[in-house]
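J.: Supplied in structure tokens, the structure appears directly below.
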Number of protein chains: 2
Amino acid sequence: MPRHADPALPQRRRSQILEAARACFRERGFRDATIEEICAEARISPGALYRYFDSKADIVAAIALDARAEAEAALDRLSSEDRLLDGLAEMARAFFEAFDGDSDAALLSDIWAEAARDPVLAKALRARDRIAAGRVAAAIERAQAAGAAYPAFAPADAAEALLAALEGLALRRALWAEADIGDAVRRYRALALHILKPKR
Amino acid sequence: MPRHADPALPQRRRSQILEAARACFRERGFRDATIEEICAEARISPGALYRYFDSKADIVAAIALDARAEAEAALDRLSSEDRLLDGLAEMARAFFEAFDGDSDAALLSDIWAEAARDPVLAKALRARDRIAAGRVAAAIERAQAAGAAYPAFAPADAAEALLAALEGLALRRALWAEADIGDAVRRYRALALHILKPKR
DNA sequence: ACCTGAACACCGTTCAAGT
DNA sequence: ACCTGAACACCGTTCAAGT
């Protein structure tokens with residue numbers, strides 16, 4: 001019998017809890033889902049749960065980062081995409097989709113609300129945002145250098161504006177159950193067009 | 001002795017409670033402030049408080065709408081301001097200022113989080129947003145008609161983008177305690193410039 | 001070493017009783 | 001008609017006891 005029965009257990013337990021929590025949050029939202037429910041879903045006791053997470057907020061933070069990471073995955077394609085607008089539109093679509101529907105709409109705003117009182121989450125979100133902004137800025141810079149976008153708007157500032165607008169639009173869309181996603185993406189594309197004036 | 005001792009009492013009590021709540025929320029945030037604290041601050045009992053508000057969320061909603069109304073007051077000046085960019089910059093400044101500092105930063109995100117689970121608040125926010133967007137769009141349209149802004153971007157879409165970007169930037173600023181307000185306003189002005197290309 | 005689940009602390013909300 | 005404040009319900013977290 002080894003001293004540490006299973007060195008991978010902690011990681012497995014964390015995943016198990018996170019998956020259960022995701023299901024509960026989807027169903028009832030961050031605030032309304034209870035630890036008891038998460039425990040039932042994960043088939044674990046409250047005592048055990050607190051062995052792997054410091055608090056409910058801690059679980060929320062882990063899920064929040066995950067959710068955004070998923071939404072930002074489309075950024076990877078921005079680097080290989082030479083049509084800047086298509087890349088941005090795809091990023092917007094992924095983001096809208098990640099926070100679409102009643103259940104996930106609340107997630108987007110809850111992430112910010114949670115970050116407002118959890119400095120660790122705020123810092124992590126900021127780090128993610130910086131990476132995203134850096135990628136968008138790099139893509140814009142390439143387009144400008146290739147003469148494919150007008151050069152007057154500093155890439156970093158344009159990137160910041162594009163991400164902030166996406167956030168604001170996603171919040172509105174999510175909370176007001178607006179139109180279909182395709183429409184929102186089209187409007188975002190128009191915004192990017194007017195900001196960047198790409199030549200192709 | 002009149003049957004209704006004081007017909008203005010309900011309104012007075014509501015104000016009294018809201019003012020106390022504002023103070024408590026400022027101090028400890030929506031989530032952490034307790035009804036008991038608000039009652040103490042308002043010198044009223046919990047039972048009496050629930051006579052004038054249905055729930056804590058109800059109080060939160062009232063304050064949330066107030067906070068945004070204050071931030072949007074600068075919109076009134078957009079109509080009389082013939083320099084569009086100055087008007088937008090002023091609107092941005094008011095918005096950034098309304099949600100500045102540790103205590104009020106959380107307010108901005110809490111408003112959205114609360115709206116995500118309170119349809120009444122969501123509807124009210126949306127109505128406000130429509131009014132704001134209408135005013136900005138009207139200002140843009142006037143500038144375009146006067147040949148003072150380039151006409152390619154539909155006023156309504158440009159207005160929506162400008163408001164969404166302001167929301168996103170304010171969230172970032174509020175949570176990440178960024179730079180000074182002047183700097184944020186300058187960047188917002190640059191964004192508006194690149195979106196609208198006004199000719200004066 | 002890991003887990004259980006009863007117990008604790010806290011807080012939003014209600015309601016029987018007062019004036 | 002309006003208010004009080006004790007009581008209730010609920011839920012995040014802890015901890016003594018188990019294996």
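Please note that chains go A, B, ... in the order of the structure tokens, that every chain numbers its residues from 1, and that ligands are numbered from 1 in the order shown.
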Can you provide chain B as a PDB file with C-alpha atoms, in the first residue's frame, superposed onto chain A by least squares across all C-alpha atoms matched in order?

T.:
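For reference, out19.pdb as written:
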```
ATOM      1  CA  MET B   1       0.137   0.029   0.082  1.00  0.00           C
ATOM      2  CA  PRO B   2       1.748   3.313  -1.038  1.00  0.00           C
ATOM      3  CA  ARG B   3       1.876   6.197   1.332  1.00  0.00           C
ATOM      4  CA  HIS B   4      -0.004   8.401  -1.137  1.00  0.00           C
ATOM      5  CA  ALA B   5      -2.768   6.202  -2.361  1.00  0.00           C
ATOM      6  CA  ASP B   6      -3.243   8.219  -5.528  1.00  0.00           C
ATOM      7  CA  PRO B   7      -1.169  11.300  -6.315  1.00  0.00           C
ATOM      8  CA  ALA B   8      -3.658  12.336  -9.004  1.00  0.00           C
ATOM      9  CA  LEU B   9      -6.610  12.284  -6.651  1.00  0.00           C
ATOM     10  CA  PRO B  10      -6.602  15.999  -5.772  1.00  0.00           C
ATOM     11  CA  GLN B  11      -6.698  16.968  -9.432  1.00  0.00           C
ATOM     12  CA  ARG B  12      -9.441  14.464 -10.100  1.00  0.00           C
ATOM     13  CA  ARG B  13     -11.524  15.696  -7.187  1.00  0.00           C
ATOM     14  CA  ARG B  14     -11.168  19.284  -8.325  1.00  0.00           C
ATOM     15  CA  SER B  15     -12.380  18.414 -11.812  1.00  0.00           C
ATOM     16  CA  GLN B  16     -15.227  16.413 -10.369  1.00  0.00           C
ATOM     17  CA  ILE B  17     -16.315  19.339  -8.220  1.00  0.00           C
ATOM     18  CA  LEU B  18     -15.894  21.896 -10.978  1.00  0.00           C
ATOM     19  CA  GLU B  19     -17.969  19.864 -13.378  1.00  0.00           C
ATOM     20  CA  ALA B  20     -20.739  19.506 -10.828  1.00  0.00           C
ATOM     21  CA  ALA B  21     -20.545  23.210 -10.031  1.00  0.00           C
ATOM     22  CA  ARG B  22     -20.721  24.134 -13.700  1.00  0.00           C
ATOM     23  CA  ALA B  23     -23.903  22.114 -14.032  1.00  0.00           C
ATOM     24  CA  CYS B  24     -25.455  23.735 -10.975  1.00  0.00           C
ATOM     25  CA  PHE B  25     -24.459  27.262 -11.977  1.00  0.00           C
ATOM     26  CA  ARG B  26     -25.860  26.689 -15.444  1.00  0.00           C
ATOM     27  CA  GLU B  27     -29.124  25.606 -13.889  1.00  0.00           C
ATOM     28  CA  ARG B  28     -29.552  28.196 -11.165  1.00  0.00           C
ATOM     29  CA  GLY B  29     -26.855  30.832 -11.462  1.00  0.00           C
ATOM     30  CA  PHE B  30     -23.826  31.566  -9.287  1.00  0.00           C
ATOM     31  CA  ARG B  31     -25.793  33.095  -6.510  1.00  0.00           C
ATOM     32  CA  ASP B  32     -28.683  30.698  -6.246  1.00  0.00           C
ATOM     33  CA  ALA B  33     -26.838  27.436  -6.611  1.00  0.00           C
ATOM     34  CA  THR B  34     -25.940  26.091  -3.188  1.00  0.00           C
ATOM     35  CA  ILE B  35     -22.917  24.220  -1.947  1.00  0.00           C
ATOM     36  CA  GLU B  36     -25.266  21.471  -0.897  1.00  0.00           C
ATOM     37  CA  GLU B  37     -26.483  21.083  -4.479  1.00  0.00           C
ATOM     38  CA  ILE B  38     -22.964  21.038  -5.831  1.00  0.00           C
ATOM     39  CA  CYS B  39     -22.051  18.385  -3.270  1.00  0.00           C
ATOM     40  CA  ALA B  40     -25.029  16.275  -4.236  1.00  0.00           C
ATOM     41  CA  GLU B  41     -24.171  16.592  -7.916  1.00  0.00           C
ATOM     42  CA  ALA B  42     -20.532  15.732  -7.255  1.00  0.00           C
ATOM     43  CA  ARG B  43     -21.455  12.934  -4.825  1.00  0.00           C
ATOM     44  CA  ILE B  44     -19.212  14.310  -2.163  1.00  0.00           C
ATOM     45  CA  SER B  45     -19.727  15.813   1.289  1.00  0.00           C
ATOM     46  CA  PRO B  46     -19.362  19.518   2.125  1.00  0.00           C
ATOM     47  CA  GLY B  47     -16.383  18.722   4.293  1.00  0.00           C
ATOM     48  CA  ALA B  48     -14.617  17.026   1.394  1.00  0.00           C
ATOM     49  CA  LEU B  49     -15.443  19.897  -0.958  1.00  0.00           C
ATOM     50  CA  TYR B  50     -13.783  22.391   1.371  1.00  0.00           C
ATOM     51  CA  ARG B  51     -10.687  20.255   1.295  1.00  0.00           C
ATOM     52  CA  TYR B  52     -10.220  21.180  -2.379  1.00  0.00           C
ATOM     53  CA  PHE B  53     -11.623  24.689  -2.529  1.00  0.00           C
ATOM     54  CA  ASP B  54     -11.347  27.501  -0.024  1.00  0.00           C
ATOM     55  CA  SER B  55     -14.825  28.876  -0.624  1.00  0.00           C
ATOM     56  CA  LYS B  56     -17.720  29.061  -3.012  1.00  0.00           C
ATOM     57  CA  ALA B  57     -16.122  32.177  -4.493  1.00  0.00           C
ATOM     58  CA  ASP B  58     -13.015  30.126  -5.181  1.00  0.00           C
ATOM     59  CA  ILE B  59     -15.056  27.670  -7.238  1.00  0.00           C
ATOM     60  CA  VAL B  60     -16.763  30.522  -9.007  1.00  0.00           C
ATOM     61  CA  ALA B  61     -13.410  32.041  -9.916  1.00  0.00           C
ATOM     62  CA  ALA B  62     -12.123  28.793 -11.375  1.00  0.00           C
ATOM     63  CA  ILE B  63     -15.217  28.459 -13.542  1.00  0.00           C
ATOM     64  CA  ALA B  64     -15.198  32.101 -14.543  1.00  0.00           C
ATOM     65  CA  LEU B  65     -11.669  31.856 -15.865  1.00  0.00           C
ATOM     66  CA  ASP B  66     -12.538  28.685 -17.725  1.00  0.00           C
ATOM     67  CA  ALA B  67     -15.563  30.263 -19.345  1.00  0.00           C
ATOM     68  CA  ARG B  68     -13.584  33.206 -20.624  1.00  0.00           C
ATOM     69  CA  ALA B  69     -10.749  30.993 -21.791  1.00  0.00           C
ATOM     70  CA  GLU B  70     -13.225  29.114 -23.938  1.00  0.00           C
ATOM     71  CA  ALA B  71     -14.616  32.341 -25.327  1.00  0.00           C
ATOM     72  CA  GLU B  72     -11.145  33.578 -26.125  1.00  0.00           C
ATOM     73  CA  ALA B  73     -10.045  30.440 -27.921  1.00  0.00           C
ATOM     74  CA  ALA B  74     -11.001  32.022 -31.237  1.00  0.00           C
ATOM     75  CA  LEU B  75      -8.160  34.464 -30.671  1.00  0.00           C
ATOM     76  CA  ASP B  76      -5.700  31.781 -31.641  1.00  0.00           C
ATOM     77  CA  ARG B  77      -7.012  31.899 -35.148  1.00  0.00           C
ATOM     78  CA  LEU B  78      -6.472  35.649 -35.387  1.00  0.00           C
ATOM     79  CA  SER B  79      -2.781  35.098 -35.929  1.00  0.00           C
ATOM     80  CA  SER B  80      -3.198  32.779 -38.876  1.00  0.00           C
ATOM     81  CA  GLU B  81      -6.155  34.665 -40.307  1.00  0.00           C
ATOM     82  CA  ASP B  82      -4.997  37.239 -42.779  1.00  0.00           C
ATOM     83  CA  ARG B  83      -8.411  38.734 -43.210  1.00  0.00           C
ATOM     84  CA  LEU B  84      -8.494  40.757 -40.019  1.00  0.00           C
ATOM     85  CA  LEU B  85     -12.216  41.444 -40.060  1.00  0.00           C
ATOM     86  CA  ASP B  86     -13.112  37.789 -40.414  1.00  0.00           C
ATOM     87  CA  GLY B  87     -10.900  36.978 -37.484  1.00  0.00           C
ATOM     88  CA  LEU B  88     -12.473  39.643 -35.291  1.00  0.00           C
ATOM     89  CA  ALA B  89     -15.972  38.607 -36.300  1.00  0.00           C
ATOM     90  CA  GLU B  90     -15.174  35.046 -35.366  1.00  0.00           C
ATOM     91  CA  MET B  91     -13.837  36.143 -32.007  1.00  0.00           C
ATOM     92  CA  ALA B  92     -17.040  38.067 -31.403  1.00  0.00           C
ATOM     93  CA  ARG B  93     -19.165  35.088 -32.373  1.00  0.00           C
ATOM     94  CA  ALA B  94     -17.328  32.822 -29.970  1.00  0.00           C
ATOM     95  CA  PHE B  95     -17.735  35.346 -27.189  1.00  0.00           C
ATOM     96  CA  PHE B  96     -21.426  35.901 -27.826  1.00  0.00           C
ATOM     97  CA  GLU B  97     -21.997  32.168 -28.015  1.00  0.00           C
ATOM     98  CA  ALA B  98     -20.144  31.478 -24.795  1.00  0.00           C
ATOM     99  CA  PHE B  99     -22.514  33.732 -22.913  1.00  0.00           C
ATOM    100  CA  ASP B 100     -25.700  33.019 -24.779  1.00  0.00           C
ATOM    101  CA  GLY B 101     -28.976  31.862 -23.320  1.00  0.00           C
ATOM    102  CA  ASP B 102     -30.593  32.499 -19.982  1.00  0.00           C
ATOM    103  CA  SER B 103     -28.269  30.264 -18.060  1.00  0.00           C
ATOM    104  CA  ASP B 104     -24.964  31.579 -19.339  1.00  0.00           C
ATOM    105  CA  ALA B 105     -25.972  35.199 -19.678  1.00  0.00           C
ATOM    106  CA  ALA B 106     -25.807  35.652 -15.931  1.00  0.00           C
ATOM    107  CA  LEU B 107     -22.343  34.114 -15.956  1.00  0.00           C
ATOM    108  CA  LEU B 108     -20.837  37.046 -17.827  1.00  0.00           C
ATOM    109  CA  SER B 109     -22.025  39.654 -15.342  1.00  0.00           C
ATOM    110  CA  ASP B 110     -21.398  37.413 -12.364  1.00  0.00           C
ATOM    111  CA  ILE B 111     -17.791  37.066 -13.397  1.00  0.00           C
ATOM    112  CA  TRP B 112     -17.324  40.814 -13.153  1.00  0.00           C
ATOM    113  CA  ALA B 113     -19.263  41.078  -9.923  1.00  0.00           C
ATOM    114  CA  GLU B 114     -17.178  38.326  -8.408  1.00  0.00           C
ATOM    115  CA  ALA B 115     -13.964  39.908  -9.638  1.00  0.00           C
ATOM    116  CA  ALA B 116     -14.975  43.149  -7.947  1.00  0.00           C
ATOM    117  CA  ARG B 117     -14.623  41.471  -4.571  1.00  0.00           C
ATOM    118  CA  ASP B 118     -11.946  38.898  -5.313  1.00  0.00           C
ATOM    119  CA  PRO B 119      -8.605  40.524  -6.133  1.00  0.00           C
ATOM    120  CA  VAL B 120      -7.148  37.208  -7.213  1.00  0.00           C
ATOM    121  CA  LEU B 121      -9.839  36.717  -9.830  1.00  0.00           C
ATOM    122  CA  ALA B 122      -9.556  40.351 -10.898  1.00  0.00           C
ATOM    123  CA  LYS B 123      -5.838  39.942 -11.434  1.00  0.00           C
ATOM    124  CA  ALA B 124      -6.309  36.745 -13.394  1.00  0.00           C
ATOM    125  CA  LEU B 125      -8.975  38.339 -15.591  1.00  0.00           C
ATOM    126  CA  ARG B 126      -6.722  41.267 -16.229  1.00  0.00           C
ATOM    127  CA  ALA B 127      -3.882  39.011 -17.249  1.00  0.00           C
ATOM    128  CA  ARG B 128      -6.154  37.214 -19.710  1.00  0.00           C
ATOM    129  CA  ASP B 129      -7.383  40.521 -21.057  1.00  0.00           C
ATOM    130  CA  ARG B 130      -3.832  41.704 -21.611  1.00  0.00           C
ATOM    131  CA  ILE B 131      -3.037  38.613 -23.617  1.00  0.00           C
ATOM    132  CA  ALA B 132      -6.177  39.010 -25.695  1.00  0.00           C
ATOM    133  CA  ALA B 133      -5.494  42.696 -26.278  1.00  0.00           C
ATOM    134  CA  GLY B 134      -1.929  41.893 -27.265  1.00  0.00           C
ATOM    135  CA  ARG B 135      -3.064  39.413 -29.867  1.00  0.00           C
ATOM    136  CA  VAL B 136      -5.649  41.725 -31.353  1.00  0.00           C
ATOM    137  CA  ALA B 137      -3.158  44.565 -31.398  1.00  0.00           C
ATOM    138  CA  ALA B 138      -0.593  42.398 -33.145  1.00  0.00           C
ATOM    139  CA  ALA B 139      -3.119  41.423 -35.793  1.00  0.00           C
ATOM    140  CA  ILE B 140      -4.028  45.065 -36.344  1.00  0.00           C
ATOM    141  CA  GLU B 141      -0.392  46.017 -36.565  1.00  0.00           C
ATOM    142  CA  ARG B 142       0.253  43.375 -39.189  1.00  0.00           C
ATOM    143  CA  ALA B 143      -2.705  44.617 -41.212  1.00  0.00           C
ATOM    144  CA  GLN B 144      -1.507  48.187 -40.957  1.00  0.00           C
ATOM    145  CA  ALA B 145       2.033  47.228 -41.955  1.00  0.00           C
ATOM    146  CA  ALA B 146       0.651  45.421 -44.976  1.00  0.00           C
ATOM    147  CA  GLY B 147      -1.256  48.539 -45.906  1.00  0.00           C
ATOM    148  CA  ALA B 148      -4.481  46.674 -45.306  1.00  0.00           C
ATOM    149  CA  ALA B 149      -5.750  48.923 -42.526  1.00  0.00           C
ATOM    150  CA  TYR B 150      -5.495  52.634 -42.044  1.00  0.00           C
ATOM    151  CA  PRO B 151      -2.669  53.441 -39.691  1.00  0.00           C
ATOM    152  CA  ALA B 152      -3.908  56.410 -37.675  1.00  0.00           C
ATOM    153  CA  PHE B 153      -5.312  54.493 -34.704  1.00  0.00           C
ATOM    154  CA  ALA B 154      -2.589  53.063 -32.464  1.00  0.00           C
ATOM    155  CA  PRO B 155      -2.963  49.258 -32.497  1.00  0.00           C
ATOM    156  CA  ALA B 156      -3.006  48.941 -28.717  1.00  0.00           C
ATOM    157  CA  ASP B 157      -5.737  51.543 -28.308  1.00  0.00           C
ATOM    158  CA  ALA B 158      -7.787  50.138 -31.149  1.00  0.00           C
ATOM    159  CA  ALA B 159      -7.491  46.668 -29.643  1.00  0.00           C
ATOM    160  CA  GLU B 160      -8.552  47.899 -26.226  1.00  0.00           C
ATOM    161  CA  ALA B 161     -11.566  49.656 -27.716  1.00  0.00           C
ATOM    162  CA  LEU B 162     -12.580  46.591 -29.720  1.00  0.00           C
ATOM    163  CA  LEU B 163     -12.412  44.341 -26.656  1.00  0.00           C
ATOM    164  CA  ALA B 164     -14.241  46.801 -24.414  1.00  0.00           C
ATOM    165  CA  ALA B 165     -16.973  47.218 -27.002  1.00  0.00           C
ATOM    166  CA  LEU B 166     -17.280  43.461 -27.312  1.00  0.00           C
ATOM    167  CA  GLU B 167     -17.719  43.199 -23.547  1.00  0.00           C
ATOM    168  CA  GLY B 168     -20.374  45.899 -23.505  1.00  0.00           C
ATOM    169  CA  LEU B 169     -22.256  44.457 -26.449  1.00  0.00           C
ATOM    170  CA  ALA B 170     -22.137  40.958 -24.990  1.00  0.00           C
ATOM    171  CA  LEU B 171     -23.526  42.227 -21.680  1.00  0.00           C
ATOM    172  CA  ARG B 172     -26.403  43.955 -23.438  1.00  0.00           C
ATOM    173  CA  ARG B 173     -27.106  40.969 -25.640  1.00  0.00           C
ATOM    174  CA  ALA B 174     -26.936  38.519 -22.775  1.00  0.00           C
ATOM    175  CA  LEU B 175     -29.221  40.451 -20.470  1.00  0.00           C
ATOM    176  CA  TRP B 176     -31.698  41.723 -22.959  1.00  0.00           C
ATOM    177  CA  ALA B 177     -32.002  38.482 -24.904  1.00  0.00           C
ATOM    178  CA  GLU B 178     -31.508  40.418 -28.080  1.00  0.00           C
ATOM    179  CA  ALA B 179     -31.805  39.444 -31.713  1.00  0.00           C
ATOM    180  CA  ASP B 180     -29.848  36.484 -32.973  1.00  0.00           C
ATOM    181  CA  ILE B 181     -26.127  36.094 -32.688  1.00  0.00           C
ATOM    182  CA  GLY B 182     -25.560  36.490 -36.411  1.00  0.00           C
ATOM    183  CA  ASP B 183     -27.010  39.957 -36.244  1.00  0.00           C
ATOM    184  CA  ALA B 184     -24.816  40.944 -33.299  1.00  0.00           C
ATOM    185  CA  VAL B 185     -21.750  39.612 -35.097  1.00  0.00           C
ATOM    186  CA  ARG B 186     -22.636  41.580 -38.215  1.00  0.00           C
ATOM    187  CA  ARG B 187     -22.916  44.761 -36.172  1.00  0.00           C
ATOM    188  CA  TYR B 188     -19.604  44.063 -34.482  1.00  0.00           C
ATOM    189  CA  ARG B 189     -18.002  43.510 -37.861  1.00  0.00           C
ATOM    190  CA  ALA B 190     -19.341  46.873 -38.979  1.00  0.00           C
ATOM    191  CA  LEU B 191     -17.832  48.502 -35.919  1.00  0.00           C
ATOM    192  CA  ALA B 192     -14.457  46.938 -36.585  1.00  0.00           C
ATOM    193  CA  LEU B 193     -14.694  48.065 -40.181  1.00  0.00           C
ATOM    194  CA  HIS B 194     -15.323  51.652 -39.184  1.00  0.00           C
ATOM    195  CA  ILE B 195     -12.574  51.601 -36.602  1.00  0.00           C
ATOM    196  CA  LEU B 196      -9.952  49.978 -38.781  1.00  0.00           C
ATOM    197  CA  LYS B 197     -10.917  50.773 -42.349  1.00  0.00           C
ATOM    198  CA  PRO B 198      -9.060  47.771 -43.706  1.00  0.00           C
ATOM    199  CA  LYS B 199      -8.420  47.963 -47.399  1.00  0.00           C
ATOM    200  CA  ARG B 200      -9.243  44.344 -48.044  1.00  0.00           C
TER     201      ARG B 200
END
```

J.: Using only C-alpha atoms (C1' of nucleotides), which chain D residues lie at most 12 Å away from chain A, written as an MDAnalysis selection string?

T.: chainID D and resid 10:16

J.: Quick check for you: according to DSSP on this backbone, which residues of stretch 4-179 of chain A are classed as helix (DSSP H, G or I)? Reply as a ChimeraX atom specification.

T.: /A:9-32,35-42,46-52,56-72,75-80,84-98,101-117,119-145,155-176
